[in-house]
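One file, query.pdb, carrying PDB, C-alpha atoms:
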```pdb
MODEL        1
ATOM      1  CA  MET A   1     -58.190  31.776   1.893
ATOM      2  CA  PRO A   2     -61.047  33.614   0.176
ATOM      3  CA  ASN A   3     -62.191  32.033  -3.042
ATOM      4  CA  PRO A   4     -60.075  32.980  -6.008
ATOM      5  CA  THR A   5     -62.012  34.307  -8.964
ATOM      6  CA  LEU A   6     -62.457  31.362 -11.297
ATOM      7  CA  ARG A   7     -62.323  31.300 -15.062
ATOM      8  CA  VAL A   8     -63.812  28.238 -16.732
ATOM      9  CA  ALA A   9     -62.177  28.186 -20.136
ATOM     10  CA  ARG A  10     -62.102  25.936 -23.132
ATOM     11  CA  ALA A  11     -61.369  25.913 -26.793
ATOM     12  CA  THR A  12     -64.029  25.866 -29.476
ATOM     13  CA  ASP A  13     -64.124  25.788 -33.242
ATOM     14  CA  SER A  14     -66.741  28.544 -33.355
ATOM     15  CA  ILE A  15     -67.079  31.285 -30.791
ATOM     16  CA  ALA A  16     -69.933  32.742 -32.832
ATOM     17  CA  ALA A  17     -71.938  29.530 -32.547
ATOM     18  CA  LEU A  18     -71.691  29.615 -28.735
ATOM     19  CA  LEU A  19     -72.866  33.180 -28.248
ATOM     20  CA  PRO A  20     -76.598  32.521 -28.768
ATOM     21  CA  PHE A  21     -76.414  29.894 -26.019
ATOM     22  CA  TYR A  22     -74.316  31.638 -23.389
ATOM     23  CA  ARG A  23     -75.185  35.276 -24.063
ATOM     24  CA  ASP A  24     -78.808  35.116 -25.223
ATOM     25  CA  GLY A  25     -79.860  31.856 -23.553
ATOM     26  CA  LEU A  26     -78.016  32.034 -20.240
ATOM     27  CA  GLY A  27     -78.154  35.797 -20.206
ATOM     28  CA  LEU A  28     -74.457  36.247 -19.519
ATOM     29  CA  ALA A  29     -72.812  39.505 -20.448
ATOM     30  CA  VAL A  30     -69.869  39.710 -22.808
ATOM     31  CA  LEU A  31     -67.167  40.888 -20.418
ATOM     32  CA  GLY A  32     -64.406  41.080 -22.957
ATOM     33  CA  ARG A  33     -63.187  39.936 -26.330
ATOM     34  CA  PHE A  34     -59.878  39.678 -28.069
ATOM     35  CA  GLU A  35     -58.819  38.877 -31.597
ATOM     36  CA  ASP A  36     -55.621  37.365 -32.874
ATOM     37  CA  HIS A  37     -53.570  37.561 -29.734
ATOM     38  CA  ALA A  38     -50.740  35.364 -30.992
ATOM     39  CA  GLY A  39     -53.274  33.547 -33.159
ATOM     40  CA  PHE A  40     -55.942  33.241 -30.487
ATOM     41  CA  ASP A  41     -59.428  34.717 -30.501
ATOM     42  CA  GLY A  42     -61.509  34.719 -27.367
ATOM     43  CA  VAL A  43     -64.591  35.920 -25.575
ATOM     44  CA  MET A  44     -65.254  36.159 -21.849
ATOM     45  CA  LEU A  45     -68.821  35.895 -20.573
ATOM     46  CA  GLY A  46     -70.254  36.289 -17.112
ATOM     47  CA  ARG A  47     -71.700  38.799 -14.745
ATOM     48  CA  PRO A  48     -69.710  41.820 -13.654
ATOM     49  CA  GLY A  49     -68.423  41.243 -10.151
ATOM     50  CA  ALA A  50     -69.344  37.566 -10.051
ATOM     51  CA  PRO A  51     -66.831  35.112  -8.570
ATOM     52  CA  TYR A  52     -66.587  33.139 -11.807
ATOM     53  CA  HIS A  53     -66.844  33.634 -15.526
ATOM     54  CA  PHE A  54     -66.455  31.692 -18.727
ATOM     55  CA  GLU A  55     -64.058  31.978 -21.614
ATOM     56  CA  PHE A  56     -64.190  30.433 -25.052
ATOM     57  CA  THR A  57     -61.107  30.544 -27.206
ATOM     58  CA  HIS A  58     -60.243  29.671 -30.774
ATOM     59  CA  GLN A  59     -56.737  29.111 -32.008
ATOM     60  CA  ARG A  60     -56.667  29.977 -35.680
ATOM     61  CA  GLY A  61     -55.973  26.985 -37.874
ATOM     62  CA  HIS A  62     -56.633  24.454 -35.109
ATOM     63  CA  LYS A  63     -59.654  22.159 -34.850
ATOM     64  CA  VAL A  64     -60.697  21.011 -31.395
ATOM     65  CA  GLY A  65     -63.912  19.106 -32.036
ATOM     66  CA  ARG A  66     -66.760  18.459 -29.686
ATOM     67  CA  ALA A  67     -67.230  17.675 -26.003
ATOM     68  CA  PRO A  68     -65.646  14.361 -25.042
ATOM     69  CA  THR A  69     -68.719  13.165 -23.112
ATOM     70  CA  GLN A  70     -72.341  14.098 -22.448
ATOM     71  CA  ASP A  71     -71.441  14.576 -18.807
ATOM     72  CA  ASN A  72     -69.079  17.564 -19.051
ATOM     73  CA  LEU A  73     -71.354  19.910 -17.149
ATOM     74  CA  VAL A  74     -71.672  23.331 -15.685
ATOM     75  CA  VAL A  75     -74.433  23.314 -13.075
ATOM     76  CA  PHE A  76     -76.152  26.454 -11.835
ATOM     77  CA  TYR A  77     -78.015  26.030  -8.547
ATOM     78  CA  LEU A  78     -81.213  28.065  -8.642
ATOM     79  CA  PRO A  79     -83.201  27.268  -5.509
ATOM     80  CA  GLU A  80     -85.856  29.922  -6.107
ATOM     81  CA  ARG A  81     -88.579  28.634  -8.384
ATOM     82  CA  GLU A  82     -89.006  31.939 -10.183
ATOM     83  CA  ASP A  83     -85.288  32.182 -10.919
ATOM     84  CA  TRP A  84     -85.233  28.635 -12.251
ATOM     85  CA  GLU A  85     -88.306  29.159 -14.396
ATOM     86  CA  ALA A  86     -86.926  32.414 -15.756
ATOM     87  CA  ALA A  87     -83.641  30.707 -16.652
ATOM     88  CA  VAL A  88     -85.386  27.853 -18.462
ATOM     89  CA  SER A  89     -87.736  30.255 -20.188
ATOM     90  CA  ARG A  90     -84.886  32.423 -21.456
ATOM     91  CA  MET A  91     -83.123  29.390 -22.905
ATOM     92  CA  ARG A  92     -86.290  28.338 -24.683
ATOM     93  CA  SER A  93     -86.864  31.832 -26.010
ATOM     94  CA  ALA A  94     -83.349  31.700 -27.434
ATOM     95  CA  GLY A  95     -84.267  28.487 -29.224
ATOM     96  CA  PHE A  96     -82.789  25.866 -26.902
ATOM     97  CA  GLU A  97     -84.872  22.986 -25.587
ATOM     98  CA  PRO A  98     -83.884  20.763 -22.653
ATOM     99  CA  VAL A  99     -82.292  17.414 -23.384
ATOM    100  CA  PRO A 100     -82.434  14.259 -21.242
ATOM    101  CA  SER A 101     -79.488  14.311 -18.871
ATOM    102  CA  TYR A 102     -76.816  11.632 -19.107
ATOM    103  CA  ASN A 103     -77.038  11.053 -15.359
ATOM    104  CA  PRO A 104     -80.753  10.761 -14.582
ATOM    105  CA  TYR A 105     -80.136  12.551 -11.284
ATOM    106  CA  TRP A 106     -80.283  15.873 -13.103
ATOM    107  CA  ASP A 107     -83.692  15.137 -14.576
ATOM    108  CA  ILE A 108     -85.332  15.043 -11.145
ATOM    109  CA  MET A 109     -84.851  18.690 -10.196
ATOM    110  CA  GLY A 110     -83.025  20.060 -13.190
ATOM    111  CA  ALA A 111     -83.184  21.047 -16.802
ATOM    112  CA  THR A 112     -80.209  20.212 -19.011
ATOM    113  CA  PHE A 113     -79.243  22.099 -22.156
ATOM    114  CA  GLU A 114     -76.552  21.254 -24.685
ATOM    115  CA  ASP A 115     -74.456  23.906 -26.350
ATOM    116  CA  ALA A 116     -73.285  23.933 -29.956
ATOM    117  CA  ASP A 117     -70.162  21.949 -29.020
ATOM    118  CA  GLY A 118     -71.944  19.296 -26.984
ATOM    119  CA  TYR A 119     -70.974  20.673 -23.572
ATOM    120  CA  ARG A 120     -73.915  20.872 -21.236
ATOM    121  CA  VAL A 121     -75.424  23.284 -18.746
ATOM    122  CA  VAL A 122     -77.824  22.245 -15.998
ATOM    123  CA  PHE A 123     -80.210  24.519 -14.142
ATOM    124  CA  GLN A 124     -80.801  22.721 -10.851
ATOM    125  CA  ARG A 125     -83.861  23.861  -8.909
ATOM    126  CA  ALA A 126     -82.248  23.269  -5.532
ATOM    127  CA  PRO A 127     -79.754  24.885  -3.200
ATOM    128  CA  TRP A 128     -76.180  23.721  -3.072
ATOM    129  CA  GLN A 129     -75.128  22.980   0.481
ATOM    130  CA  ASP A 130     -71.634  21.951   1.428
ATOM    131  CA  ALA A 131     -71.523  18.667   3.280
ATOM    132  CA  ALA A 132     -71.242  19.019   7.048
TER     133      ALA A 132
ATOM    134  CA  MET B 133     -81.389  34.879 -11.571
ATOM    135  CA  ASN B 134     -79.468  36.336  -8.666
ATOM    136  CA  ALA B 135     -76.057  37.766  -9.389
ATOM    137  CA  ALA B 136     -74.082  34.591  -8.947
ATOM    138  CA  PRO B 137     -75.780  31.242  -8.496
ATOM    139  CA  ARG B 138     -73.736  28.542  -6.831
ATOM    140  CA  LEU B 139     -71.805  26.793  -9.574
ATOM    141  CA  ARG B 140     -70.610  23.239 -10.100
ATOM    142  CA  ILE B 141     -68.075  22.335 -12.766
ATOM    143  CA  ALA B 142     -68.463  18.617 -13.368
ATOM    144  CA  ARG B 143     -66.927  16.025 -15.607
ATOM    145  CA  PRO B 144     -66.343  12.300 -15.715
ATOM    146  CA  THR B 145     -63.027  10.670 -14.952
ATOM    147  CA  ASP B 146     -61.658   7.155 -14.985
ATOM    148  CA  ASP B 147     -59.514   7.632 -11.897
ATOM    149  CA  PRO B 148     -60.863   9.873  -9.132
ATOM    150  CA  ARG B 149     -58.089   8.823  -6.767
ATOM    151  CA  ALA B 150     -55.452  10.192  -9.088
ATOM    152  CA  LEU B 151     -57.393  13.462  -9.216
ATOM    153  CA  LEU B 152     -57.427  13.670  -5.425
ATOM    154  CA  ARG B 153     -53.646  13.926  -5.377
ATOM    155  CA  PHE B 154     -53.840  16.808  -7.821
ATOM    156  CA  TYR B 155     -56.829  18.797  -6.616
ATOM    157  CA  ARG B 156     -56.778  18.040  -2.885
ATOM    158  CA  ASP B 157     -53.148  17.380  -1.998
ATOM    159  CA  GLY B 158     -51.678  19.687  -4.627
ATOM    160  CA  LEU B 159     -54.115  22.541  -5.137
ATOM    161  CA  GLY B 160     -55.380  22.383  -1.576
ATOM    162  CA  LEU B 161     -59.085  21.932  -2.239
ATOM    163  CA  GLU B 162     -61.073  19.888   0.239
ATOM    164  CA  VAL B 163     -63.422  17.003  -0.282
ATOM    165  CA  ILE B 164     -66.779  18.607   0.496
ATOM    166  CA  GLY B 165     -69.047  15.744  -0.490
ATOM    167  CA  GLY B 166     -69.683  12.878  -2.800
ATOM    168  CA  PHE B 167     -71.881   9.893  -3.522
ATOM    169  CA  GLN B 168     -71.554   6.226  -4.379
ATOM    170  CA  ASP B 169     -73.467   4.091  -6.837
ATOM    171  CA  HIS B 170     -76.380   6.342  -7.552
ATOM    172  CA  ALA B 171     -77.737   4.388 -10.517
ATOM    173  CA  GLY B 172     -74.187   3.309 -11.335
ATOM    174  CA  PHE B 173     -72.638   6.743 -10.858
ATOM    175  CA  ASP B 174     -70.044   7.686  -8.254
ATOM    176  CA  GLY B 175     -69.019  11.243  -7.509
ATOM    177  CA  LEU B 176     -66.558  13.310  -5.582
ATOM    178  CA  PHE B 177     -66.974  17.034  -4.813
ATOM    179  CA  LEU B 178     -63.974  19.258  -4.201
ATOM    180  CA  GLY B 179     -63.889  22.861  -3.122
ATOM    181  CA  ARG B 180     -63.906  24.829   0.074
ATOM    182  CA  ARG B 181     -66.818  25.341   2.388
ATOM    183  CA  GLY B 182     -68.513  28.621   1.645
ATOM    184  CA  TRP B 183     -66.978  29.101  -1.754
ATOM    185  CA  PRO B 184     -69.444  29.924  -4.520
ATOM    186  CA  TYR B 185     -68.209  27.158  -6.800
ATOM    187  CA  HIS B 186     -66.957  23.614  -6.555
ATOM    188  CA  LEU B 187     -65.711  20.824  -8.760
ATOM    189  CA  ALA B 188     -67.320  17.422  -9.241
ATOM    190  CA  PHE B 189     -65.629  14.365 -10.685
ATOM    191  CA  THR B 190     -67.898  11.500 -11.592
ATOM    192  CA  THR B 191     -67.496   7.942 -12.767
ATOM    193  CA  HIS B 192     -70.125   5.867 -14.484
ATOM    194  CA  ARG B 193     -69.423   2.219 -13.860
ATOM    195  CA  GLY B 194     -68.600   0.435 -17.081
ATOM    196  CA  HIS B 195     -68.299   3.656 -19.091
ATOM    197  CA  PRO B 196     -64.777   4.962 -19.705
ATOM    198  CA  ALA B 197     -64.479   8.740 -19.686
ATOM    199  CA  GLY B 198     -61.187   9.141 -21.514
ATOM    200  CA  ARG B 199     -58.905  12.106 -21.436
ATOM    201  CA  ALA B 200     -59.303  15.837 -21.967
ATOM    202  CA  PRO B 201     -60.182  16.645 -25.563
ATOM    203  CA  THR B 202     -57.710  19.542 -25.747
ATOM    204  CA  GLN B 203     -54.891  21.156 -23.809
ATOM    205  CA  GLU B 204     -57.066  24.242 -23.597
ATOM    206  CA  ASN B 205     -59.768  22.942 -21.260
ATOM    207  CA  LEU B 206     -58.733  25.151 -18.373
ATOM    208  CA  LEU B 207     -59.729  26.175 -14.909
ATOM    209  CA  VAL B 208     -57.988  29.430 -14.111
ATOM    210  CA  PHE B 209     -57.727  30.440 -10.458
ATOM    211  CA  TYR B 210     -56.903  34.113  -9.917
ATOM    212  CA  VAL B 211     -55.149  33.938  -6.561
ATOM    213  CA  ALA B 212     -55.408  37.275  -4.790
ATOM    214  CA  GLU B 213     -52.260  37.108  -2.652
ATOM    215  CA  ALA B 214     -48.814  36.611  -4.117
ATOM    216  CA  ALA B 215     -47.663  34.661  -1.063
ATOM    217  CA  GLU B 216     -50.673  32.363  -1.304
ATOM    218  CA  TRP B 217     -50.037  31.881  -5.011
ATOM    219  CA  GLN B 218     -46.428  30.943  -4.337
ATOM    220  CA  ALA B 219     -47.476  28.535  -1.590
ATOM    221  CA  ILE B 220     -49.844  26.696  -3.913
ATOM    222  CA  VAL B 221     -47.261  26.532  -6.701
ATOM    223  CA  ASP B 222     -44.707  25.190  -4.230
ATOM    224  CA  ARG B 223     -47.145  22.582  -2.947
ATOM    225  CA  MET B 224     -47.990  21.444  -6.462
ATOM    226  CA  MET B 225     -44.321  21.016  -7.236
ATOM    227  CA  ALA B 226     -43.679  19.232  -3.934
ATOM    228  CA  MET B 227     -46.438  16.801  -4.914
ATOM    229  CA  GLY B 228     -44.566  16.103  -8.136
ATOM    230  CA  PHE B 229     -46.690  18.217 -10.453
ATOM    231  CA  ALA B 230     -44.361  20.330 -12.542
ATOM    232  CA  PRO B 231     -45.692  23.283 -14.534
ATOM    233  CA  VAL B 232     -46.214  22.680 -18.235
ATOM    234  CA  PRO B 233     -45.899  25.235 -21.038
ATOM    235  CA  SER B 234     -49.316  26.711 -21.754
ATOM    236  CA  ILE B 235     -50.688  26.420 -25.269
ATOM    237  CA  ASN B 236     -51.708  30.058 -25.212
ATOM    238  CA  PRO B 237     -48.610  32.025 -24.247
ATOM    239  CA  TYR B 238     -50.859  34.545 -22.496
ATOM    240  CA  TRP B 239     -50.888  32.296 -19.443
ATOM    241  CA  GLU B 240     -47.108  32.286 -19.170
ATOM    242  CA  ALA B 241     -46.879  35.930 -18.169
ATOM    243  CA  ARG B 242     -48.230  35.799 -14.615
ATOM    244  CA  GLY B 243     -49.222  32.199 -14.132
ATOM    245  CA  LYS B 244     -48.239  28.598 -13.897
ATOM    246  CA  THR B 245     -50.092  25.889 -15.777
ATOM    247  CA  PHE B 246     -50.449  22.374 -14.410
ATOM    248  CA  GLU B 247     -51.942  19.348 -16.133
ATOM    249  CA  ASP B 248     -54.041  16.915 -14.127
ATOM    250  CA  PRO B 249     -53.849  13.129 -14.621
ATOM    251  CA  ASP B 250     -56.683  13.291 -17.167
ATOM    252  CA  GLY B 251     -55.075  16.031 -19.251
ATOM    253  CA  TYR B 252     -57.342  18.832 -18.072
ATOM    254  CA  ARG B 253     -55.382  21.861 -17.019
ATOM    255  CA  VAL B 254     -55.343  24.309 -14.150
ATOM    256  CA  VAL B 255     -53.773  27.741 -14.380
ATOM    257  CA  LEU B 256     -52.735  29.485 -11.205
ATOM    258  CA  GLU B 257     -52.707  33.170 -11.997
ATOM    259  CA  CYS B 258     -50.939  35.514  -9.640
ATOM    260  CA  ALA B 259     -53.613  38.206  -9.603
ATOM    261  CA  PRO B 260     -51.500  40.936  -7.947
ATOM    262  CA  CYS B 261     -48.842  40.340 -10.594
ATOM    263  CA  MET B 262     -51.286  41.412 -13.310
ATOM    264  CA  THR B 263     -51.013  44.703 -15.060
ATOM    265  CA  GLY B 264     -54.684  45.371 -15.676
ATOM    266  CA  GLU B 265     -55.313  43.541 -18.909
ATOM    267  CA  ALA B 266     -58.472  41.414 -18.893
TER     268      ALA B 266
ENDMDL
END
```

Using structure tokens, write down the structure that the file contains.
Amino acid sequence: MPNPTLRVARATDSIAALLPFYRDGLGLAVLGRFEDHAGFDGVMLGRPGAPYHFEFTHQRGHKVGRAPTQDNLVVFYLPEREDWEAAVSRMRSAGFEPVPSYNPYWDIMGATFEDADGYRVVFQRAPWQDAA
Amino acid sequence: MNAAPRLRIARPTDDPRALLRFYRDGLGLEVIGGFQDHAGFDGLFLGRRGWPYHLAFTTHRGHPAGRAPTQENLLVFYVAEAAEWQAIVDRMMAMGFAPVPSINPYWEARGKTFEDPDGYRVVLECAPCMTGEA
């Protein structure tokens, strides 16, 4: 079966607080937004045509709190040095500095950033290869 | 950055074997890698060879991970073929995973929501059943 398009979604207490990180820092495009669909607000971010995208939702009147661990990660594999450096540079320009990773593995070839909710994104300067 | 870097969605768990029943035997993903005791961390990678994304479930020895923080931490799979969608739903149910009501009723229209042993949820959306709304 071909890969289904994947949406990585989660709730947040502040969509607005996440936008500087995912839109300005990661450089993702706002693919869609909705307001008060049965009490839910949401924003979808990604790249048009990409096989995955992200969604952040807020249910009015509900608090969801922060990430449960420092190891809830989204990892982008950026094997080309210039792509990796551009990604890190854009995050820094948006005001986000790398943090030490929870698993030291990601500090070897990666840069880890923490969003406003405590969820983390890693830029890994390596290819991803499926095991043989 | 190229259009779509390879993506990993990773999180810790306290029971990777319970997740195997859900993600491998139920959803039909394959174990495509893993590692043991890298500085106290173990990991299991699930996906399909050639797919642009995969899942990783990790354990850190001596550090409990706990459960999902909300019922709205979702992975939504937009399955392109209705027959394939039905086959996955049937397999999930045959494995003993019954659909749960979604918190956001949006997901009830064309999908089935399943909750994994840690409380994280997967939505199987029947893409051809959609009417065009994002």

Tell me, as a list of chain:residue names, which residues lie within 6 Å of stretch 236-248 of chain B, counting only C-alpha atoms; anything in the same chain fewer than 6 positions away does not count.
-> B:Val254, B:Val255, B:Leu256, B:Glu257, B:Cys258

Prev. selection, C-alpha atoms, output as a PDB file, in the frame of the given file:
```pdb
ATOM      1  CA  VAL B 254     -55.343  24.309 -14.150  1.00  0.00           C
ATOM      2  CA  VAL B 255     -53.773  27.741 -14.380  1.00  0.00           C
ATOM      3  CA  LEU B 256     -52.735  29.485 -11.205  1.00  0.00           C
ATOM      4  CA  GLU B 257     -52.707  33.170 -11.997  1.00  0.00           C
ATOM      5  CA  CYS B 258     -50.939  35.514  -9.640  1.00  0.00           C
TER       6      CYS B 258
END
```

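Residues within 10 Å of A:Arg7, counting only C-alpha atoms and excluding same-chain residues fewer than 6 positions away, are Met44, Leu45, Gly46, Pro51, Tyr52, His53, Phe54 and Glu55 of chain A; Leu206, Leu207, Val208, Phe209, Tyr210, Val254 and Val255 of chain B.
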
Could you list the residues chosen by the ChimeraX specification (/A :<6) & /B in this structure as a PyMOL selection string?
-> chain B and resi 133+136-143+164-165+181+183+201+204-211

Point-to-point distance in Å for atom CA of B:Arg193 and atom CA of B:Phe177 =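 Spanning atom CA of B:Phe177 to atom CA of B:Arg193 is a straight-line distance of 17.5 Å.
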
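Here the question is which of A:Val99, A:Val88, A:Met109, A:Ala116 gets nearest to A:Gly25 using all atoms listed in the file, and that residue is A:Val88.
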
Grab the atom CA of A:Ile15 to atom CA of A:Arg92 distance for me, in Å with one decimal place.
-> 20.4 Å

When the PyMOL selection byres ((chain B and resi 216-227) around 8) is applied to the file above, which residues end up in the set, as a VMD selection string?
-> chain B and resid 153 to 154 157 to 160 211 to 215 228 to 231 244 256 to 258

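Taking atom CA of B:Asp169 as the reference point, atom CA of B:Thr190 is found at 10.4 Å.
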
Find the axis-aligned box for stretch 191-205 of chain B, covering all its listed atoms and adding 5 Å on each side, and write its centre and edge lengths in Å to one decimal as lines of an AutoDock Vina configuration file.
```
center_x = -62.5
center_y = 12.3
center_z = -19.3
size_x = 25.2
size_y = 33.8
size_z = 23.0
```

For this file, the PyMOL selection byres ((chain B and resi 249) around 9) selects which residues, as a list in words?
-> Asp147, Ala150, Leu151, Phe154, Arg199, Glu247, Asp248, Asp250, Gly251 and Tyr252 of chain B

Nearby residues (all atoms listed in the file) at most 8 Å from B:Val163, same-chain spacing under 5 positions excluded, as an MDAnalysis selection string | chainID B and resid 156 176:180

Which polymer residues have any atom within 10 Å of an atom of A:Phe96, counting only C-alpha atoms, with same-chain residues fewer than 4 positions away left out, as an MDAnalysis selection string?
-> chainID A and resid 20:21 25 88:92 113:115
